[in-house]
$ cat work-v8.cif   # mmCIF, C-alpha atoms and all ligand atoms
data_query
loop_
_atom_site.label_atom_id
_atom_site.label_comp_id
_atom_site.auth_asym_id
_atom_site.auth_seq_id
_atom_site.Cartn_x
_atom_site.Cartn_y
_atom_site.Cartn_z
CA MET R 1 135.39 71.74 33.77
CA PRO R 2 137.98 74.54 34.17
CA PRO R 3 140.21 74.23 37.26
CA GLU R 4 139.23 76.01 40.47
CA ARG R 5 141.60 78.97 40.80
CA ILE R 6 142.96 79.26 44.33
CA ILE R 7 145.38 81.21 46.49
CA ILE R 8 146.74 79.31 49.50
CA ASP R 9 147.45 81.43 52.60
CA THR R 10 149.59 79.43 54.96
CA ASP R 11 152.07 79.11 57.86
CA PRO R 12 153.97 75.88 57.05
CA GLY R 13 153.94 73.71 59.31
CA GLN R 14 153.96 70.03 58.40
CA ASP R 15 150.21 69.80 57.86
CA ASP R 16 150.26 72.95 55.73
CA ALA R 17 152.98 71.28 53.66
CA VAL R 18 150.83 68.20 53.03
CA ALA R 19 147.91 70.45 52.08
CA ILE R 20 150.10 72.30 49.57
CA LEU R 21 151.30 68.99 48.11
CA LEU R 22 147.69 67.82 47.78
CA ALA R 23 146.76 71.02 45.95
CA LEU R 24 149.75 70.85 43.60
CA ALA R 25 148.98 67.21 42.81
CA SER R 26 145.37 67.96 41.86
CA PRO R 27 144.60 69.09 38.29
CA GLU R 28 141.16 70.28 39.43
CA LEU R 29 142.97 73.19 41.09
CA GLU R 30 145.10 76.02 39.72
CA VAL R 31 147.33 77.44 42.45
CA LEU R 32 147.83 81.11 41.53
CA GLY R 33 150.16 81.77 44.45
CA ILE R 34 151.06 80.89 48.01
CA THR R 35 150.88 83.76 50.50
CA THR R 36 152.65 83.09 53.78
CA VAL R 37 151.96 84.46 57.23
CA ALA R 38 153.60 84.15 60.65
CA GLY R 39 152.01 81.44 62.75
CA ASN R 40 153.45 78.02 63.47
CA VAL R 41 156.88 79.64 63.21
CA PRO R 42 157.98 83.21 62.38
CA LEU R 43 157.44 84.59 58.88
CA ALA R 44 161.00 84.11 57.61
CA LEU R 45 160.59 80.38 58.21
CA THR R 46 157.04 80.03 56.88
CA ALA R 47 158.12 81.86 53.71
CA LYS R 48 161.13 79.54 53.37
CA ASN R 49 159.12 76.40 54.15
CA ALA R 50 156.50 77.15 51.52
CA ARG R 51 159.25 77.31 48.90
CA LYS R 52 160.79 74.06 50.18
CA VAL R 53 157.44 72.36 49.64
CA CYS R 54 156.96 73.80 46.15
CA GLU R 55 160.40 72.49 45.19
CA LEU R 56 159.62 69.10 46.77
CA ALA R 57 156.57 68.96 44.50
CA GLY R 58 158.68 69.98 41.48
CA ARG R 59 156.83 73.31 41.21
CA PRO R 60 159.37 76.13 41.60
CA ASP R 61 157.13 78.12 39.23
CA ILE R 62 154.54 78.77 41.95
CA PRO R 63 154.93 82.35 43.25
CA VAL R 64 155.47 82.46 47.02
CA PHE R 65 154.99 85.68 49.00
CA ALA R 66 155.85 86.78 52.52
CA GLY R 67 153.11 88.55 54.43
CA ALA R 68 152.27 89.61 57.96
CA GLU R 69 154.99 89.12 60.56
CA ALA R 70 152.56 89.55 63.46
CA PRO R 71 148.84 89.56 64.21
CA LEU R 72 146.74 92.71 63.88
CA LEU R 73 146.80 93.62 67.57
CA ARG R 74 148.17 90.78 69.68
CA PRO R 75 151.78 89.66 70.04
CA LEU R 76 152.71 86.70 67.86
CA ILE R 77 152.56 83.26 69.44
CA THR R 78 154.23 80.37 67.62
CA ALA R 79 154.21 76.57 67.89
CA GLU R 80 157.74 75.23 67.65
CA TYR R 81 156.74 72.78 70.40
CA VAL R 82 154.55 71.08 67.77
CA HIS R 83 156.37 71.72 64.49
CA GLY R 84 160.04 71.91 65.57
CA GLN R 85 162.45 74.82 65.33
CA THR R 86 162.31 74.93 61.52
CA GLY R 87 158.54 74.53 61.43
CA LEU R 88 159.08 71.69 58.99
CA ASP R 89 161.00 69.19 61.10
CA GLY R 90 160.81 65.58 59.98
CA PRO R 91 162.17 65.35 56.42
CA ASP R 92 165.50 67.02 55.67
CA LEU R 93 164.38 69.23 52.79
CA PRO R 94 167.07 71.28 51.03
CA GLU R 95 167.26 75.06 51.31
CA PRO R 96 165.04 76.51 48.58
CA VAL R 97 166.61 77.76 45.35
CA MET R 98 163.47 79.46 44.03
CA PRO R 99 163.31 83.12 45.10
CA LEU R 100 160.63 84.69 47.21
CA ASP R 101 158.37 86.93 45.11
CA PRO R 102 159.24 90.52 46.10
CA ARG R 103 155.60 91.53 46.53
CA HIS R 104 153.94 91.40 49.97
CA SER R 105 151.26 88.74 50.45
CA VAL R 106 148.64 91.41 51.04
CA ASP R 107 149.55 93.27 47.85
CA PHE R 108 149.33 90.04 45.85
CA LEU R 109 145.93 89.24 47.34
CA ILE R 110 144.58 92.72 46.54
CA GLU R 111 146.11 92.92 43.05
CA THR R 112 144.89 89.46 42.08
CA LEU R 113 141.35 89.90 43.39
CA ARG R 114 141.11 93.27 41.64
CA ALA R 115 142.49 91.97 38.33
CA GLU R 116 140.76 88.60 38.03
CA PRO R 117 137.03 88.27 37.25
CA ALA R 118 134.82 88.70 40.30
CA GLY R 119 133.88 85.39 41.87
CA SER R 120 136.73 83.50 40.20
CA ILE R 121 139.24 83.18 43.06
CA THR R 122 138.96 80.91 46.11
CA LEU R 123 141.10 81.64 49.17
CA CYS R 124 142.31 78.54 51.04
CA THR R 125 143.56 79.63 54.47
CA LEU R 126 145.66 77.26 56.56
CA GLY R 127 146.95 79.62 59.25
CA PRO R 128 146.12 82.83 61.11
CA LEU R 129 143.91 85.13 59.03
CA THR R 130 146.05 88.26 59.35
CA ASN R 131 146.87 88.62 55.62
CA ILE R 132 143.23 88.25 54.61
CA ALA R 133 142.02 90.75 57.20
CA LEU R 134 144.66 93.28 56.14
CA ALA R 135 143.74 92.89 52.47
CA PHE R 136 140.04 93.37 53.25
CA ALA R 137 140.80 96.45 55.36
CA ARG R 138 143.04 98.04 52.71
CA ALA R 139 140.77 97.21 49.76
CA PRO R 140 137.19 96.63 50.96
CA GLU R 141 135.93 96.27 47.41
CA ILE R 142 137.71 92.91 47.05
CA VAL R 143 135.51 91.27 49.68
CA GLY R 144 132.69 90.99 47.15
CA ARG R 145 135.07 89.66 44.51
CA VAL R 146 136.16 86.59 46.48
CA LYS R 147 134.43 83.42 45.29
CA ARG R 148 134.73 81.83 48.73
CA ILE R 149 137.11 81.31 51.64
CA ILE R 150 137.83 77.76 52.79
CA ALA R 151 139.53 78.01 56.18
CA MET R 152 140.98 75.60 58.72
CA GLY R 153 140.41 76.87 62.24
CA GLY R 154 138.28 77.01 65.31
CA GLY R 155 136.26 74.39 67.07
CA ALA R 156 132.65 73.84 68.02
CA PHE R 157 132.05 70.80 70.19
CA GLU R 158 135.75 69.86 70.18
CA GLY R 159 136.80 72.96 72.10
CA GLY R 160 140.33 74.24 71.59
CA ASN R 161 143.81 72.80 71.07
CA THR R 162 145.90 75.69 72.36
CA THR R 163 143.67 76.87 75.20
CA PRO R 164 140.69 74.90 76.52
CA VAL R 165 138.46 76.79 74.10
CA ALA R 166 140.68 78.25 71.34
CA GLU R 167 142.24 76.62 68.28
CA PHE R 168 145.70 77.87 67.27
CA ASN R 169 144.95 79.67 63.96
CA ILE R 170 142.14 81.68 65.51
CA LEU R 171 143.93 82.30 68.81
CA VAL R 172 147.01 83.74 67.09
CA ASP R 173 144.89 86.47 65.50
CA PRO R 174 141.32 86.51 66.83
CA HIS R 175 140.71 90.05 65.59
CA ALA R 176 141.61 89.06 62.04
CA ALA R 177 139.38 86.00 62.27
CA GLN R 178 136.40 88.01 63.51
CA ARG R 179 136.84 90.56 60.71
CA VAL R 180 137.08 87.87 58.02
CA PHE R 181 134.17 85.78 59.32
CA SER R 182 131.96 88.90 59.57
CA SER R 183 133.13 90.41 56.25
CA GLY R 184 130.27 89.00 54.20
CA ALA R 185 132.57 86.83 52.08
CA PRO R 186 131.27 83.23 51.83
CA VAL R 187 133.24 81.15 54.35
CA THR R 188 133.46 77.39 54.81
CA LEU R 189 135.27 76.41 58.00
CA LEU R 190 137.00 73.10 58.77
CA PRO R 191 137.36 73.14 62.56
CA LEU R 192 138.88 70.71 65.02
CA ASP R 193 135.56 68.84 65.05
CA VAL R 194 136.51 67.54 61.60
CA THR R 195 140.28 67.40 61.79
CA HIS R 196 140.21 65.39 65.01
CA LYS R 197 138.40 62.69 63.02
CA CYS R 198 141.27 62.56 60.50
CA LEU R 199 143.93 60.72 62.48
CA THR R 200 147.31 59.87 60.98
CA ARG R 201 147.20 56.32 62.25
CA LYS R 202 150.40 54.31 61.77
CA VAL R 203 148.78 52.09 59.13
CA ARG R 204 147.91 55.22 57.15
CA VAL R 205 151.36 56.80 57.41
CA ASP R 206 152.94 53.50 56.35
CA ARG R 207 150.95 53.68 53.09
CA PHE R 208 152.71 56.91 52.16
CA ARG R 209 156.09 55.36 52.92
CA ALA R 210 155.14 52.30 50.87
CA LEU R 211 154.75 54.52 47.78
CA GLY R 212 158.53 54.38 47.49
CA THR R 213 158.71 57.91 46.13
CA ARG R 214 160.59 60.98 47.35
CA VAL R 215 157.33 62.83 48.03
CA GLY R 216 155.75 59.79 49.66
CA ASP R 217 158.74 59.39 51.97
CA ALA R 218 158.73 63.12 52.82
CA THR R 219 154.99 63.04 53.51
CA ALA R 220 155.42 60.08 55.89
CA LEU R 221 158.20 61.94 57.70
CA LEU R 222 156.08 65.11 57.91
CA LEU R 223 153.13 63.19 59.36
CA ASP R 224 155.32 61.17 61.72
CA TYR R 225 156.88 64.33 63.11
CA GLN R 226 153.72 66.38 63.67
CA GLU R 227 151.76 63.53 65.23
CA ARG R 228 154.33 63.02 68.00
CA PHE R 229 153.02 65.91 70.05
CA ASP R 230 149.35 65.02 69.58
CA GLU R 231 149.85 61.30 70.25
CA ALA R 232 151.43 62.18 73.60
CA LYS R 233 148.72 64.76 74.33
CA TYR R 234 145.68 62.71 73.34
CA GLY R 235 147.09 59.24 74.02
CA GLN R 236 145.96 57.68 70.74
CA ASP R 237 147.38 56.14 67.54
CA GLY R 238 148.08 59.08 65.30
CA GLY R 239 147.39 62.77 65.47
CA PRO R 240 144.77 64.98 63.80
CA LEU R 241 145.63 66.07 60.25
CA HIS R 242 144.32 69.60 59.98
CA ASP R 243 145.14 71.66 56.88
CA PRO R 244 144.77 69.09 54.08
CA THR R 245 141.04 68.91 54.92
CA VAL R 246 140.71 72.40 53.37
CA ILE R 247 141.98 71.20 49.99
CA ALA R 248 140.16 67.86 50.27
CA TRP R 249 136.87 69.70 50.84
CA LEU R 250 137.41 71.59 47.58
CA LEU R 251 138.21 68.38 45.72
CA ARG R 252 135.60 66.05 47.26
CA PRO R 253 133.00 68.04 49.27
CA GLU R 254 130.82 64.94 49.41
CA LEU R 255 133.28 63.46 51.93
CA PHE R 256 132.20 66.15 54.40
CA SER R 257 129.01 67.48 55.98
CA GLY R 258 128.09 70.60 57.93
CA ARG R 259 125.62 73.44 58.19
CA ASP R 260 125.29 77.22 57.94
CA VAL R 261 125.57 78.74 61.41
CA ASN R 262 126.38 81.95 63.18
CA LEU R 263 130.02 82.11 64.23
CA GLU R 264 131.54 84.87 66.35
CA VAL R 265 135.09 85.05 67.67
CA GLU R 266 135.88 86.03 71.26
CA THR R 267 138.17 89.08 71.22
CA GLY R 268 137.47 90.52 74.68
CA SER R 269 137.97 88.00 77.44
CA GLU R 270 141.52 86.70 78.01
CA LEU R 271 139.98 83.54 79.48
CA THR R 272 138.18 82.66 76.25
CA MET R 273 140.23 84.71 73.75
CA GLY R 274 140.02 83.23 70.25
CA GLN R 275 137.08 80.93 70.98
CA THR R 276 134.83 80.38 67.97
CA VAL R 277 131.35 80.74 69.42
CA ILE R 278 129.31 78.60 67.04
CA ASP R 279 125.49 78.66 67.24
CA TRP R 280 125.09 75.09 65.96
CA TRP R 281 121.49 74.73 67.17
CA GLY R 282 120.31 78.14 65.97
CA VAL R 283 119.36 79.48 69.39
CA THR R 284 120.15 83.07 68.40
CA ASP R 285 118.92 85.24 65.57
CA ARG R 286 122.44 86.22 64.62
CA PRO R 287 123.28 85.91 60.89
CA ARG R 288 124.40 82.49 59.65
CA ASN R 289 127.73 83.79 58.34
CA VAL R 290 129.80 80.59 58.13
CA HIS R 291 129.30 77.09 56.75
CA VAL R 292 130.87 74.95 59.50
CA ILE R 293 131.87 71.39 58.68
CA ARG R 294 131.44 68.82 61.45
CA ASP R 295 131.74 65.34 59.91
CA VAL R 296 134.00 63.59 57.44
CA ASP R 297 134.52 60.20 55.79
CA ASP R 298 138.07 59.88 57.10
CA GLU R 299 138.85 56.72 55.13
CA GLY R 300 137.81 58.52 51.95
CA PHE R 301 139.88 61.54 52.95
CA PHE R 302 143.07 59.53 53.43
CA ALA R 303 142.43 57.51 50.25
CA LEU R 304 142.19 60.77 48.28
CA LEU R 305 145.34 62.13 49.91
CA LEU R 306 147.32 58.96 49.21
CA GLU R 307 146.16 58.73 45.59
CA ARG R 308 147.17 62.35 44.94
CA ILE R 309 150.51 62.25 46.77
CA ALA R 310 151.34 59.18 44.67
CA ARG R 311 151.09 61.36 41.57
CA LEU R 312 153.99 63.64 42.60
O1 LIG O 401 145.28 74.16 65.04
C1 LIG O 401 145.80 73.60 63.85
C2 LIG O 401 146.27 74.66 62.93
O2 LIG O 401 147.30 75.42 63.55
C3 LIG O 401 146.90 74.09 61.64
O3 LIG O 401 146.71 75.00 60.60
C4 LIG O 401 148.35 74.00 62.00
O4 LIG O 401 149.21 74.10 60.86
C5 LIG O 401 148.52 75.24 62.85
O5 LIG O 401 148.72 76.34 61.97
CA CA O 402 148.65 75.84 59.37
#
$ encode --input "work-v8.cif" --output "structure tokens"
Amino acid sequence: MPPERIIIDTDPGQDDAVAILLALASPELEVLGITTVAGNVPLALTAKNARKVCELAGRPDIPVFAGAEAPLLRPLITAEYVHGQTGLDGPDLPEPVMPLDPRHSVDFLIETLRAEPAGSITLCTLGPLTNIALAFARAPEIVGRVKRIIAMGGGAFEGGNTTPVAEFNILVDPHAAQRVFSSGAPVTLLPLDVTHKCLTRKVRVDRFRALGTRVGDATALLLDYQERFDEAKYGQDGGPLHDPTVIAWLLRPELFSGRDVNLEVETGSELTMGQTVIDWWGVTDRPRNVHVIRDVDDEGFFALLLERIARL
């Protein structure tokens, strides 16, 4: 079976970093490039952090691109209160040596989707969808060439994590999200309903530390750092691990379950801005444009993650 060819669009972020490590540790996947976007922290930091993670994984050959500095229409909001000032607080990773690719993320997305065979590239999005929306707007013909988009974002029954109804990735750029989800490209969404079932319990984090490897230690420090905020907020052992579910779904879809539904994004009301309005029970006749995942075998997810991190 040839590897699944993917582009990771991301705003590292500790959980993005673990997702990138999972992808780079998995021979079933060929990472063609990592396109960064402003989100958890400003673009200069997300572009630096992506390179730090590639070097941590021993993969300075992976091209990393800088993309959108701000959402399509709204001012950028960031999340240093969750991820720290660097966006990758926790492990002390060295400044990257590998250069940033000079091309813009959006140019790389367009060029690659135009050049590669139609239906051969999967987009794995771990942050705001600004780069994807810009690429689709500038080169509409690439929408039909995307194999599928696997995105972390939104929430159905779980509500929001940044406002009562909006999840961070969608809230940062709701206009981009609405354009991508209504583009016609096949989308699978991993919302908070799934990621809140993937808790970085202490016993799980300790298993990464027990690997006794540089990457295992760094992963434990990444998870320890990001969970602080959520443990205090939700009052439980561990915090939700969001972005690695995107890569895990590609590797082991049988660990997850969901259904095709209509999904629209609120872009009008400030009260509910960025809410993913998900018609889970099919009460409207709106098109079922997104495959939304709701359940996961969390033990299987963490076993996969541990087994792959151990390979680096
Ligand atoms: O709401 C969680 C999402 O927002 C994750 O992708 C996290 O990295 C942040 O970007
Ligand atoms: Ca992210």
$ atom_distance --input "work-v8.cif" --atom1 "CA of Leu109 in chain R" --atom2 "CA of Val97 in chain R"
23.7 Å
$ atom_distance --input "work-v8.cif" --atom1 "CA of Thr35 in chain R" --atom2 "CA of Gly216 in chain R"
24.5 Å
$ residues_near_point --input "work-v8.cif" --point "(141.0, 77.3, 52.8)" --cutoff "12 Å" --atoms "only C-alpha atoms" --output "PyMOL selection string"
chain R and resi 6-10+16+19-20+23+34+121-129+132+147-153+186-191+242-251
$ axis_aligned_box --input "work-v8.cif" --around "ligand LIG 401 (chain O)" --padding-each-side "6 Å" --output "lines of an AutoDock Vina configuration file"
center_x = 147.2
center_y = 75.0
center_z = 62.8
size_x = 15.9
size_y = 14.7
size_z = 16.4
$ residues_around --input "work-v8.cif" --residues "Asp298 in chain R" --least-positions-apart "4" --cutoff "7 Å" --atoms "only C-alpha atoms" --output "PyMOL selection string"
chain R and resi 197-198+302
$ write_last_selection --input "work-v8.cif" --atoms "C-alpha atoms" --output "CSV table (one decimal), in the coordinates of the input"
chain,number,residue,atom,x,y,z
R,197,LYS,CA,138.4,62.7,63.0
R,198,CYS,CA,141.3,62.6,60.5
R,302,PHE,CA,143.1,59.5,53.4
$ residues_around --input "work-v8.cif" --residues "Arg308 in chain R" --least-positions-apart "2" --cutoff "12 Å" --atoms "all atoms listed in the file" --output "ChimeraX atom specification"
/R:18-28,57,208,211,215-216,219,244,247-248,251,301-306,310-312
$ residues_near_point --input "work-v8.cif" --point "(137.6, 84.3, 67.9)" --cutoff "7 Å" --atoms "all atoms listed in the file" --output "list in words"
Ile170, Leu171, Pro174, His175, Ala177, Gln178, Glu264, Val265, Glu266, Thr267, Met273, Gly274, Gln275 and Thr276 of chain R
$ closest_residue --input "work-v8.cif" --among "R:Glu55, R:Glu227, R:Glu95, R:Asp260" --to "ligand LIG 401 (chain O)" --atoms "only C-alpha atoms and all ligand atoms"
R:Glu227
$ closest_residue --input "work-v8.cif" --among "R:Asp193, R:Glu167, R:Asp101, R:Glu111" --to "ligand CA 402 (chain O)" --atoms "all atoms listed in the file"
R:Glu167
$ closest_residue --input "work-v8.cif" --among "R:Gly268, R:Gly58, R:Gly87, R:Pro3" --to "ligand CA 402 (chain O)" --atoms "all atoms listed in the file"
R:Gly87
$ closest_residue --input "work-v8.cif" --among "R:Pro2, R:Gly39, R:Gly119, R:Pro94" --to "ligand CA 402 (chain O)" --atoms "all atoms listed in the file"
R:Gly39
$ atom_distance --input "work-v8.cif" --atom1 "CA of Gln85 in chain R" --atom2 "CA of Ala66 in chain R"
18.7 Å
$ closest_residue --input "work-v8.cif" --among "R:Val203, R:Val165, R:Leu72, R:Val172" --to "ligand CA 402 (chain O)" --atoms "only C-alpha atoms and all ligand atoms"
R:Val172
$ closest_residue --input "work-v8.cif" --among "R:Leu241, R:Leu113, R:Met1, R:Ala47" --to "ligand LIG 401 (chain O)" --atoms "only C-alpha atoms and all ligand atoms"
R:Leu241
$ residues_around --input "work-v8.cif" --residues "Ile110 in chain R" --least-positions-apart "6" --cutoff "9 Å" --atoms "all atoms listed in the file" --output "list in words"
Ala135, Phe136, Arg138, Ala139 and Ile142 of chain R
